[in-house]
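Accompanying notes for the structure given below.
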Amino acid sequence: AMYQAKKNGRNQYVLYHDGMQHHNGKQLFQLETALRKALERGEFELYYQPQLDVKTKQIRAVEALIRWNHPEKGFISPGMFIPLAEESGLITPISDWIMMQACEHLKQLQLRFPYIKMSINISPIYFQQIDFIEKLQKTIESVNVNPRSIELELTESAVMPHAEKSVERLTMLKTMGISIAIDDFGTGFSSLSYLHRFPIDILKIDRSFIKQLSRYREESAIVNAIIMMAHSLQIRVVAEGVETKKQYQILEKQSCDFVQGYYVSKPLSISELYEFLDMWNHL
Ligand code: C2E
Ligand code: CA
Ligand code: CA
Ligand code: CA
């Protein structure tokens with residue numbers, strides 16, 4: 001439904017939402033220009049979705065989720081423009097901005113909520129760039145934020161194609177103190193053997209499994225199996241897209257470590273997040 005935004009656009013790029021490979025050189029150029037302008041004009045904003053620790057009932061982390069407030073088209077979903085940014089090459093400056101902004105917000109947040117961690121989505125393309133770690137280190141140093149409070153979310157598709165290089169890179173990140181989460185777990189078709197070969201701290205179970213949790217016993221068995229497997233590998237588990245009390249209760253019973261979703265909170269602007277955390281702590 002979010003893809004409907006394309007119809008009122010004067011810019012051609014929005015017309016091509018699904019088959020990204022259909023972009024020709026001119027369209028890519030226009031797209032790149034549009035995204036670059038958006039970056040210059042400050043049209044991107046990070047929202048933050050709280051993640052609840054099921055045992056302590058504390059908010060342990062927030063996930064940074066990018067928003068594009070287009071002056072004419074209004075809100076454009078990241079599910080739409082991130083793939084376009086990846087295709088056009090603008091994912092690099094956008095990701096640089098995300099890292100800096102998320103670290104700055106984290107630094108400020110911790111003055112009031114010292115325990116909070118920041119989870120940041122990393123595009124596979126950005127992850128595979130040679131200077132990725134160097135840039136990240138510079139950002140962390142310039143903001144003077146604790147790397148132990150930073151978690152990076154990578155999908156299986158980001159790490160699998162270059163497994164050996166990825167192990168090396170992930171190990172470097174671990175050495176820096178950064179945690180690694182595998183995003184959308186269960187949606188890829190890769191083998192599970194990488195789980196113990198890669199230094200992974202967290203698995204995020206994809207929303208598609210959680211959605212059916214209260215309805216089908218099979219779904220519950222799958223989620224339970226993922227949690228048990230992860231725990232036996234000393235990996236902790238986040239359930240994504242938890243929307244109902246029922247889902248939460250099932251996950252709690254299955255010893256899921258953390259939950260994220262509308263049941264706890266929608267993604268919030270930075271000022272809403274301060275209010276939310278204040279309120280949560282006073283409950
Ligand atoms: P994701 O990383 O799997 O993020 C979770 C998505 O699920 C978010 O959508 C979030 O708003 C949504 N969500 C959270 N809780 C619930 C729930 O209870 N129910 C439902 N129905 N949805 C829920 P969003 O913000 O539209 O982001 C979509 C995708 O865009 C993300 O999926 C991620 O792949 C990508 N993305 C977002 N921000 C960034 C970013 O800063 N960098 C990169 N590289 N990708 C990003
Ligand atoms: Ca994510
Ligand atoms: Ca996810
Ligand atoms: Ca997803």
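A note on labels: chains of the structure tokens are A, B, ... as shown, every chain counts residues from 1, and ligands are counted from 1 in their shown order.
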Please identify every polymer residue within 10 Å of ligand 4, using only C-alpha atoms and all ligand atoms, and present the set as a compact mmCIF listing (two decimals) with C-alpha atoms, in the first residue's frame.
```txt
# COMPACT_ATOMS: atom_id res chain seq x y z
CA GLY A 79 11.08 -0.14 2.44
CA THR A 155 20.48 -9.59 7.28
CA ASP A 183 17.80 -9.20 11.20
CA ASP A 184 14.68 -10.83 9.70
CA PHE A 185 15.87 -14.25 10.84
CA THR A 187 13.23 -15.40 5.94
CA LYS A 204 15.75 -11.11 15.43
CA ILE A 205 12.90 -13.45 14.55
CA ASP A 206 11.04 -12.04 11.58
CA ARG A 207 7.56 -10.63 12.08
CA SER A 208 6.03 -13.19 9.70
CA GLU A 240 9.93 -8.57 15.92
CA GLY A 241 6.47 -7.16 15.26
```
Next on the checklist: Give me, as a ChimeraX atom specification, the set of residues whose atoms come within 12 Å of any atom of ligand 2, counting only C-alpha atoms and all ligand atoms.
Outcome noted: /A:48-49,51,62-66,78-79,118-123,151-156,180-185,202-207,238-241,260-261,267
Next on the checklist: Can you pull out every residue from segment 126-192 of chain A that DSSP, working from the backbone, puts in helix (DSSP H, G or I), and format the result as a ChimeraX atom specification?
Outcome noted: /A:126-127,132-143,147-149,156-159,163-176
Item to check | Nearest to Pro50 of chain A by atom-to-atom distance, counting only C-alpha atoms, from A:Met279, A:Leu268, A:Ile226, A:Ala102 | outcome: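 The shortest atom-to-atom distance to Pro50 of chain A comes from A:Leu268.
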Checklist entry - Which neighbours of Glu86 of chain A fall inside 9 Å, counting only C-alpha atoms, when residues of the same chain fewer than 4 positions from it are skipped, and could you give them as a list in words? => result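 That gives Phe81, Ile82, Leu90, Ile91, Thr92, Ser123, Pro124, Ile125 and Tyr126 of chain A.
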Item to check | Which residue of A:Ser95, A:Ser220, A:Ser232, A:Gln108 approaches ligand 1 most closely, using only C-alpha atoms and all ligand atoms | outcome: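 Closest to ligand 1 of all the choices is A:Ser95.
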Checklist entry - Could you pull out all residues of segment 50-268 of chain A with a DSSP call of strand (DSSP E) and give them as a PyMOL selection string? => result chain A and resi 50-53+59-70+74-76+117-121+150-155+179-185+202-205+236-239+258-260
